[in-house]
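Structure below is my_file-v3.pdb: PDB, C-alpha atoms, pLDDT in the B column.
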```pdb
ATOM      1  CA  MET A   1     117.860  59.509 196.907  1.00 78.00           C
ATOM      2  CA  MET A   2     117.233  63.170 197.676  1.00 90.00           C
ATOM      3  CA  ASN A   3     117.421  66.037 195.207  1.00 96.00           C
ATOM      4  CA  VAL A   4     120.505  68.241 195.690  1.00 98.00           C
ATOM      5  CA  GLU A   5     121.129  71.511 193.882  1.00 97.00           C
ATOM      6  CA  ILE A   6     124.067  73.906 194.012  1.00 98.00           C
ATOM      7  CA  VAL A   7     122.819  77.409 194.855  1.00 98.00           C
ATOM      8  CA  LYS A   8     124.061  80.818 195.975  1.00 98.00           C
ATOM      9  CA  PHE A   9     122.829  81.648 199.464  1.00 98.00           C
ATOM     10  CA  PRO A  10     122.500  85.444 199.539  1.00 98.00           C
ATOM     11  CA  GLU A  11     124.156  87.621 202.139  1.00 98.00           C
ATOM     12  CA  THR A  12     121.514  87.796 204.869  1.00 98.00           C
ATOM     13  CA  HIS A  13     121.337  89.964 207.965  1.00 98.00           C
ATOM     14  CA  ILE A  14     119.865  88.046 210.886  1.00 98.00           C
ATOM     15  CA  ALA A  15     118.618  88.636 214.405  1.00 98.00           C
ATOM     16  CA  VAL A  16     120.101  85.805 216.461  1.00 98.00           C
ATOM     17  CA  LEU A  17     119.490  84.159 219.798  1.00 98.00           C
ATOM     18  CA  GLU A  18     122.436  81.888 220.506  1.00 98.00           C
ATOM     19  CA  HIS A  19     121.803  78.523 222.157  1.00 97.00           C
ATOM     20  CA  PHE A  20     124.558  76.773 224.084  1.00 97.00           C
ATOM     21  CA  GLY A  21     124.013  73.512 225.945  1.00 96.00           C
ATOM     22  CA  SER A  22     121.484  70.717 225.902  1.00 94.00           C
ATOM     23  CA  PRO A  23     119.500  70.149 222.689  1.00 92.00           C
ATOM     24  CA  LEU A  24     116.589  69.266 225.004  1.00 92.00           C
ATOM     25  CA  LEU A  25     116.416  72.931 226.036  1.00 95.00           C
ATOM     26  CA  GLU A  26     116.456  74.402 222.517  1.00 94.00           C
ATOM     27  CA  TYR A  27     112.689  74.921 222.692  1.00 93.00           C
ATOM     28  CA  LYS A  28     113.218  77.501 225.481  1.00 96.00           C
ATOM     29  CA  THR A  29     115.567  79.491 223.251  1.00 96.00           C
ATOM     30  CA  VAL A  30     113.137  79.258 220.334  1.00 95.00           C
ATOM     31  CA  ASP A  31     110.244  80.362 222.585  1.00 95.00           C
ATOM     32  CA  LYS A  32     112.195  83.510 223.573  1.00 97.00           C
ATOM     33  CA  LEU A  33     112.957  84.289 219.917  1.00 97.00           C
ATOM     34  CA  VAL A  34     109.295  83.779 218.957  1.00 95.00           C
ATOM     35  CA  LYS A  35     108.144  86.083 221.760  1.00 96.00           C
ATOM     36  CA  TRP A  36     110.613  88.773 220.649  1.00 97.00           C
ATOM     37  CA  ARG A  37     109.509  88.286 217.034  1.00 95.00           C
ATOM     38  CA  GLN A  38     105.849  88.757 217.997  1.00 95.00           C
ATOM     39  CA  GLU A  39     106.572  91.826 220.130  1.00 95.00           C
ATOM     40  CA  ASN A  40     108.423  93.410 217.205  1.00 95.00           C
ATOM     41  CA  ASN A  41     105.736  92.470 214.653  1.00 93.00           C
ATOM     42  CA  LEU A  42     108.116  90.418 212.472  1.00 94.00           C
ATOM     43  CA  LEU A  43     105.415  87.910 211.590  1.00 90.00           C
ATOM     44  CA  ASP A  44     105.627  87.660 207.786  1.00 91.00           C
ATOM     45  CA  ASN A  45     107.383  84.297 207.261  1.00 89.00           C
ATOM     46  CA  GLU A  46     108.363  85.201 203.695  1.00 90.00           C
ATOM     47  CA  LYS A  47     110.010  88.486 204.646  1.00 94.00           C
ATOM     48  CA  TYR A  48     111.387  87.391 208.034  1.00 96.00           C
ATOM     49  CA  ARG A  49     112.609  83.859 207.448  1.00 97.00           C
ATOM     50  CA  SER A  50     113.429  81.478 210.290  1.00 97.00           C
ATOM     51  CA  TYR A  51     116.875  79.881 210.393  1.00 98.00           C
ATOM     52  CA  GLY A  52     119.057  77.611 212.456  1.00 97.00           C
ATOM     53  CA  ILE A  53     122.831  77.909 212.073  1.00 98.00           C
ATOM     54  CA  HIS A  54     124.141  74.543 213.256  1.00 97.00           C
ATOM     55  CA  TYR A  55     127.677  74.820 214.605  1.00 97.00           C
ATOM     56  CA  THR A  56     127.654  71.333 216.149  1.00 94.00           C
ATOM     57  CA  ASN A  57     125.973  67.970 215.686  1.00 90.00           C
ATOM     58  CA  PRO A  58     123.826  67.400 218.794  1.00 87.00           C
ATOM     59  CA  PHE A  59     124.090  63.611 218.424  1.00 86.00           C
ATOM     60  CA  ILE A  60     127.876  63.502 218.797  1.00 91.00           C
ATOM     61  CA  THR A  61     128.821  66.775 220.539  1.00 93.00           C
ATOM     62  CA  PRO A  62     129.125  66.856 224.343  1.00 94.00           C
ATOM     63  CA  ILE A  63     126.219  68.901 225.755  1.00 92.00           C
ATOM     64  CA  GLU A  64     128.487  71.623 227.118  1.00 93.00           C
ATOM     65  CA  HIS A  65     129.879  72.272 223.600  1.00 95.00           C
ATOM     66  CA  HIS A  66     126.596  72.163 221.650  1.00 96.00           C
ATOM     67  CA  HIS A  67     125.887  75.456 219.827  1.00 97.00           C
ATOM     68  CA  ILE A  68     123.147  76.565 217.462  1.00 97.00           C
ATOM     69  CA  ASP A  69     122.033  80.060 216.490  1.00 98.00           C
ATOM     70  CA  PHE A  70     118.285  80.462 216.064  1.00 98.00           C
ATOM     71  CA  ALA A  71     117.705  83.390 213.738  1.00 98.00           C
ATOM     72  CA  ILE A  72     115.270  85.522 211.796  1.00 97.00           C
ATOM     73  CA  SER A  73     116.247  87.378 208.638  1.00 98.00           C
ATOM     74  CA  ILE A  74     115.902  91.130 209.104  1.00 97.00           C
ATOM     75  CA  ASP A  75     116.090  94.171 206.860  1.00 93.00           C
ATOM     76  CA  GLN A  76     117.677  96.558 209.379  1.00 92.00           C
ATOM     77  CA  PRO A  77     119.852  96.184 212.482  1.00 94.00           C
ATOM     78  CA  ILE A  78     118.024  95.497 215.717  1.00 95.00           C
ATOM     79  CA  ALA A  79     118.455  97.501 218.892  1.00 93.00           C
ATOM     80  CA  LYS A  80     119.908  96.157 222.121  1.00 94.00           C
ATOM     81  CA  ASN A  81     117.170  94.224 223.895  1.00 96.00           C
ATOM     82  CA  SER A  82     116.400  92.333 227.100  1.00 96.00           C
ATOM     83  CA  TYR A  83     116.158  88.994 225.258  1.00 96.00           C
ATOM     84  CA  GLY A  84     119.855  88.886 224.348  1.00 96.00           C
ATOM     85  CA  ILE A  85     119.095  88.826 220.635  1.00 98.00           C
ATOM     86  CA  ILE A  86     122.033  90.138 218.597  1.00 98.00           C
ATOM     87  CA  ASN A  87     122.828  91.128 215.013  1.00 98.00           C
ATOM     88  CA  LYS A  88     124.815  88.728 212.835  1.00 98.00           C
ATOM     89  CA  LYS A  89     125.223  88.118 209.128  1.00 98.00           C
ATOM     90  CA  ILE A  90     125.246  85.048 206.901  1.00 98.00           C
ATOM     91  CA  PRO A  91     127.729  85.828 204.105  1.00 98.00           C
ATOM     92  CA  LEU A  92     127.141  85.141 200.433  1.00 98.00           C
ATOM     93  CA  LEU A  93     127.778  81.399 200.163  1.00 98.00           C
ATOM     94  CA  ARG A  94     127.890  78.702 197.513  1.00 98.00           C
ATOM     95  CA  CYS A  95     125.877  75.813 198.953  1.00 98.00           C
ATOM     96  CA  ALA A  96     124.443  72.394 198.315  1.00 98.00           C
ATOM     97  CA  LYS A  97     120.711  72.644 199.041  1.00 98.00           C
ATOM     98  CA  CYS A  98     118.471  69.736 199.995  1.00 98.00           C
ATOM     99  CA  ARG A  99     114.893  69.727 201.325  1.00 98.00           C
ATOM    100  CA  ASP A 100     113.679  67.723 204.300  1.00 97.00           C
ATOM    101  CA  ILE A 101     109.983  67.129 204.950  1.00 96.00           C
ATOM    102  CA  GLY A 102     109.075  65.856 208.401  1.00 94.00           C
ATOM    103  CA  SER A 103     109.974  66.388 212.027  1.00 91.00           C
ATOM    104  CA  ARG A 104     112.773  68.855 212.650  1.00 88.00           C
ATOM    105  CA  ASN A 105     114.053  66.429 215.313  1.00 86.00           C
ATOM    106  CA  ASN A 106     115.066  63.967 212.606  1.00 88.00           C
ATOM    107  CA  ASN A 107     116.460  65.932 209.676  1.00 93.00           C
ATOM    108  CA  LYS A 108     117.343  63.472 206.926  1.00 95.00           C
ATOM    109  CA  ALA A 109     118.625  66.109 204.474  1.00 97.00           C
ATOM    110  CA  ILE A 110     121.746  67.051 206.459  1.00 96.00           C
ATOM    111  CA  ILE A 111     122.620  63.367 206.944  1.00 95.00           C
ATOM    112  CA  TYR A 112     122.137  62.700 203.228  1.00 97.00           C
ATOM    113  CA  LEU A 113     124.263  65.704 202.240  1.00 97.00           C
ATOM    114  CA  LEU A 114     127.137  64.826 204.577  1.00 96.00           C
ATOM    115  CA  GLU A 115     127.158  61.029 204.384  1.00 95.00           C
ATOM    116  CA  GLU A 116     125.900  60.176 200.900  1.00 96.00           C
ATOM    117  CA  TRP A 117     126.140  63.188 198.603  1.00 97.00           C
ATOM    118  CA  LEU A 118     129.358  64.929 199.708  1.00 97.00           C
ATOM    119  CA  PRO A 119     131.774  61.955 199.489  1.00 97.00           C
ATOM    120  CA  TYR A 120     130.886  61.403 195.803  1.00 95.00           C
ATOM    121  CA  SER A 121     130.291  65.012 194.744  1.00 96.00           C
ATOM    122  CA  GLY A 122     133.873  66.180 194.316  1.00 96.00           C
ATOM    123  CA  GLU A 123     132.973  69.124 196.595  1.00 97.00           C
ATOM    124  CA  LYS A 124     134.551  70.213 199.883  1.00 97.00           C
ATOM    125  CA  ILE A 125     132.778  71.684 202.913  1.00 97.00           C
ATOM    126  CA  GLY A 126     133.146  75.441 203.255  1.00 97.00           C
ATOM    127  CA  ASN A 127     134.015  77.509 206.312  1.00 96.00           C
ATOM    128  CA  PHE A 128     130.487  78.273 207.513  1.00 98.00           C
ATOM    129  CA  PRO A 129     128.153  75.963 209.454  1.00 98.00           C
ATOM    130  CA  PRO A 130     125.130  74.299 207.815  1.00 98.00           C
ATOM    131  CA  ILE A 131     122.095  76.560 207.582  1.00 98.00           C
ATOM    132  CA  PHE A 132     118.593  75.214 208.145  1.00 98.00           C
ATOM    133  CA  HIS A 133     115.795  77.364 206.698  1.00 98.00           C
ATOM    134  CA  TYR A 134     112.600  76.477 208.540  1.00 96.00           C
ATOM    135  CA  VAL A 135     110.259  77.101 205.613  1.00 95.00           C
ATOM    136  CA  ASN A 136     106.998  76.735 207.513  1.00 93.00           C
ATOM    137  CA  VAL A 137     106.801  77.591 211.184  1.00 86.00           C
ATOM    138  CA  GLY A 138     104.035  77.948 213.720  1.00 81.00           C
ATOM    139  CA  ILE A 139     102.010  75.993 216.236  1.00 80.00           C
ATOM    140  CA  ASN A 140      99.585  74.771 213.552  1.00 87.00           C
ATOM    141  CA  ILE A 141     102.300  72.900 211.590  1.00 91.00           C
ATOM    142  CA  SER A 142     102.383  69.195 212.444  1.00 91.00           C
ATOM    143  CA  PRO A 143     105.782  67.432 212.478  1.00 91.00           C
ATOM    144  CA  LYS A 144     104.975  65.472 209.310  1.00 93.00           C
ATOM    145  CA  GLN A 145     104.213  68.754 207.464  1.00 94.00           C
ATOM    146  CA  MET A 146     107.410  70.563 208.504  1.00 95.00           C
ATOM    147  CA  ILE A 147     109.603  71.723 205.617  1.00 96.00           C
ATOM    148  CA  THR A 148     113.283  72.493 206.186  1.00 97.00           C
ATOM    149  CA  ASP A 149     115.690  73.504 203.432  1.00 98.00           C
ATOM    150  CA  VAL A 150     119.250  72.586 204.406  1.00 98.00           C
ATOM    151  CA  TYR A 151     122.144  74.564 202.951  1.00 98.00           C
ATOM    152  CA  LEU A 152     125.601  72.980 203.224  1.00 98.00           C
ATOM    153  CA  PRO A 153     128.237  75.661 202.516  1.00 98.00           C
ATOM    154  CA  LEU A 154     130.877  74.580 200.000  1.00 98.00           C
ATOM    155  CA  LYS A 155     134.348  75.852 199.083  1.00 96.00           C
TER
END
```
Could you spell out this file's structure in structure tokens?
Amino acid sequence: MMNVEIVKFPETHIAVLEHFGSPLLEYKTVDKLVKWRQENNLLDNEKYRSYGIHYTNPFITPIEHHHIDFAISIDQPIAKNSYGIINKKIPLLRCAKCRDIGSRNNNKAIIYLLEEWLPYSGEKIGNFPPIFHYVNVGINISPKQMITDVYLPLK
């Protein structure tokens, strides 16, 4: 059993690179976002948090409909750029939060929240996609050390 808490996710301005298509090509989108992040000196992982906004489930969605926004929290709007990174906002949300430790390719927290916790919680899913906060990022983080906080928006 995983620990679930009900939290308020704060309104957060984000710089987003949208990914449409094969989950196998997500790394290319992430690489572009990382390069942009480095060029703009947004390296502090506490101040500029890394997120994934998961509009679809890659295991059941046809490739041509798969959509995820890879994002970095920002404190001011970003300018038009050659990378295609745009401004978006995560609204203030009431969420169920659950932590996953391990490979980001096999997130157990979102499965637990949707399949085990939600049906017995008395809660209903809200109108915003699940948010994955990639707590620790970087090339020196091994898959078994990866920490991802999953926020499931609720009504």
**Request:** Could you jot down the atom CA of Leu154 of chain A to atom CA of Gly52 of chain A separation for me, Å, one decimal place?
**Result:** 17.4 Å
**Asked** Interatomic distance between atom CA of Tyr83 of chain A and atom CA of Arg37 of chain A?
**Response**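 Between atom CA of Tyr83 of chain A and atom CA of Arg37 of chain A the gap works out to 10.6 Å.
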**Message:** Could you list, as a VMD selection string, every residue matched by the PyMOL selection byres ((chain A and resi 66) around 10) in this structure?
**Reply:** chain A and resid 19 to 23 54 to 65 67 to 68
**Message:** Using only C-alpha atoms, can you tell me which of A:Ile90, A:Ala79, A:Ile14, A:Ala71 comes closest to Pro129 of chain A?
**Reply:** A:Ile90
Explicit residue set for the PyMOL selection byres ((chain A and resi 93-103) around 7), as a compact mmCIF listing (two decimals) with C-alpha atoms, keeping the file's coordinate frame:
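Printed below is expr16.txt as written:
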```
# COMPACT_ATOMS: atom_id res chain seq x y z
CA ASN A 3 117.42 66.04 195.21
CA VAL A 4 120.50 68.24 195.69
CA GLU A 5 121.13 71.51 193.88
CA ILE A 6 124.07 73.91 194.01
CA VAL A 7 122.82 77.41 194.86
CA LYS A 8 124.06 80.82 195.98
CA PHE A 9 122.83 81.65 199.46
CA PRO A 10 122.50 85.44 199.54
CA PRO A 91 127.73 85.83 204.10
CA LEU A 92 127.14 85.14 200.43
CA ARG A 104 112.77 68.86 212.65
CA ASN A 105 114.05 66.43 215.31
CA ASN A 106 115.07 63.97 212.61
CA ASN A 107 116.46 65.93 209.68
CA LYS A 108 117.34 63.47 206.93
CA ALA A 109 118.62 66.11 204.47
CA PRO A 143 105.78 67.43 212.48
CA LYS A 144 104.98 65.47 209.31
CA GLN A 145 104.21 68.75 207.46
CA MET A 146 107.41 70.56 208.50
CA ILE A 147 109.60 71.72 205.62
CA THR A 148 113.28 72.49 206.19
CA ASP A 149 115.69 73.50 203.43
CA VAL A 150 119.25 72.59 204.41
CA TYR A 151 122.14 74.56 202.95
CA LEU A 152 125.60 72.98 203.22
CA PRO A 153 128.24 75.66 202.52
CA LEU A 154 130.88 74.58 200.00
```
**Prompt:** Which residues fall under the PyMOL selection byres ((chain A and resi 73) around 7) in this file, as a ChimeraX atom specification?
**Reply:** /A:12-15,48-50,71-72,74
**Request:** Figure out the distance between atom CA of Asn45 of chain A and atom CA of Asn127 of chain A, please, to one decimal in Å.
**Result:**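 Separation between atom CA of Asn127 of chain A and atom CA of Asn45 of chain A: 27.5 Å.
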Taking 3 positions as the minimum chain separation for residues in the same chain, which residues sit within 6 Å of Leu17 of chain A when counting only C-alpha atoms? Answer as a PDB file with C-alpha atoms, in the coordinates of the input.
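This is the output file out08.pdb:
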```pdb
ATOM      1  CA  ASP A  69     122.033  80.060 216.490  1.00 98.00           C
ATOM      2  CA  PHE A  70     118.285  80.462 216.064  1.00 98.00           C
ATOM      3  CA  ILE A  85     119.095  88.826 220.635  1.00 98.00           C
TER       4      ILE A  85
END
```
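Nearest-residue note for Ser82 of chain A: choosing from A:Lys28, A:His133, A:Lys35, A:Lys155, the minimum distance belongs to A:Lys35, counting all atoms listed in the file.
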**Residue nearest Ile131 of chain A - candidates A:Tyr51, A:Tyr112, A:Trp117, A:Tyr27, atoms counted: only C-alpha atoms** =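 Of the candidates, the smallest distance to Ile131 of chain A is held by A:Tyr51.
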**Fill in**
Closest of A:Leu42, A:Leu118, A:Leu113, A:Ile141 to Asp75 of chain A, counting all atoms listed in the file, is A:Leu42
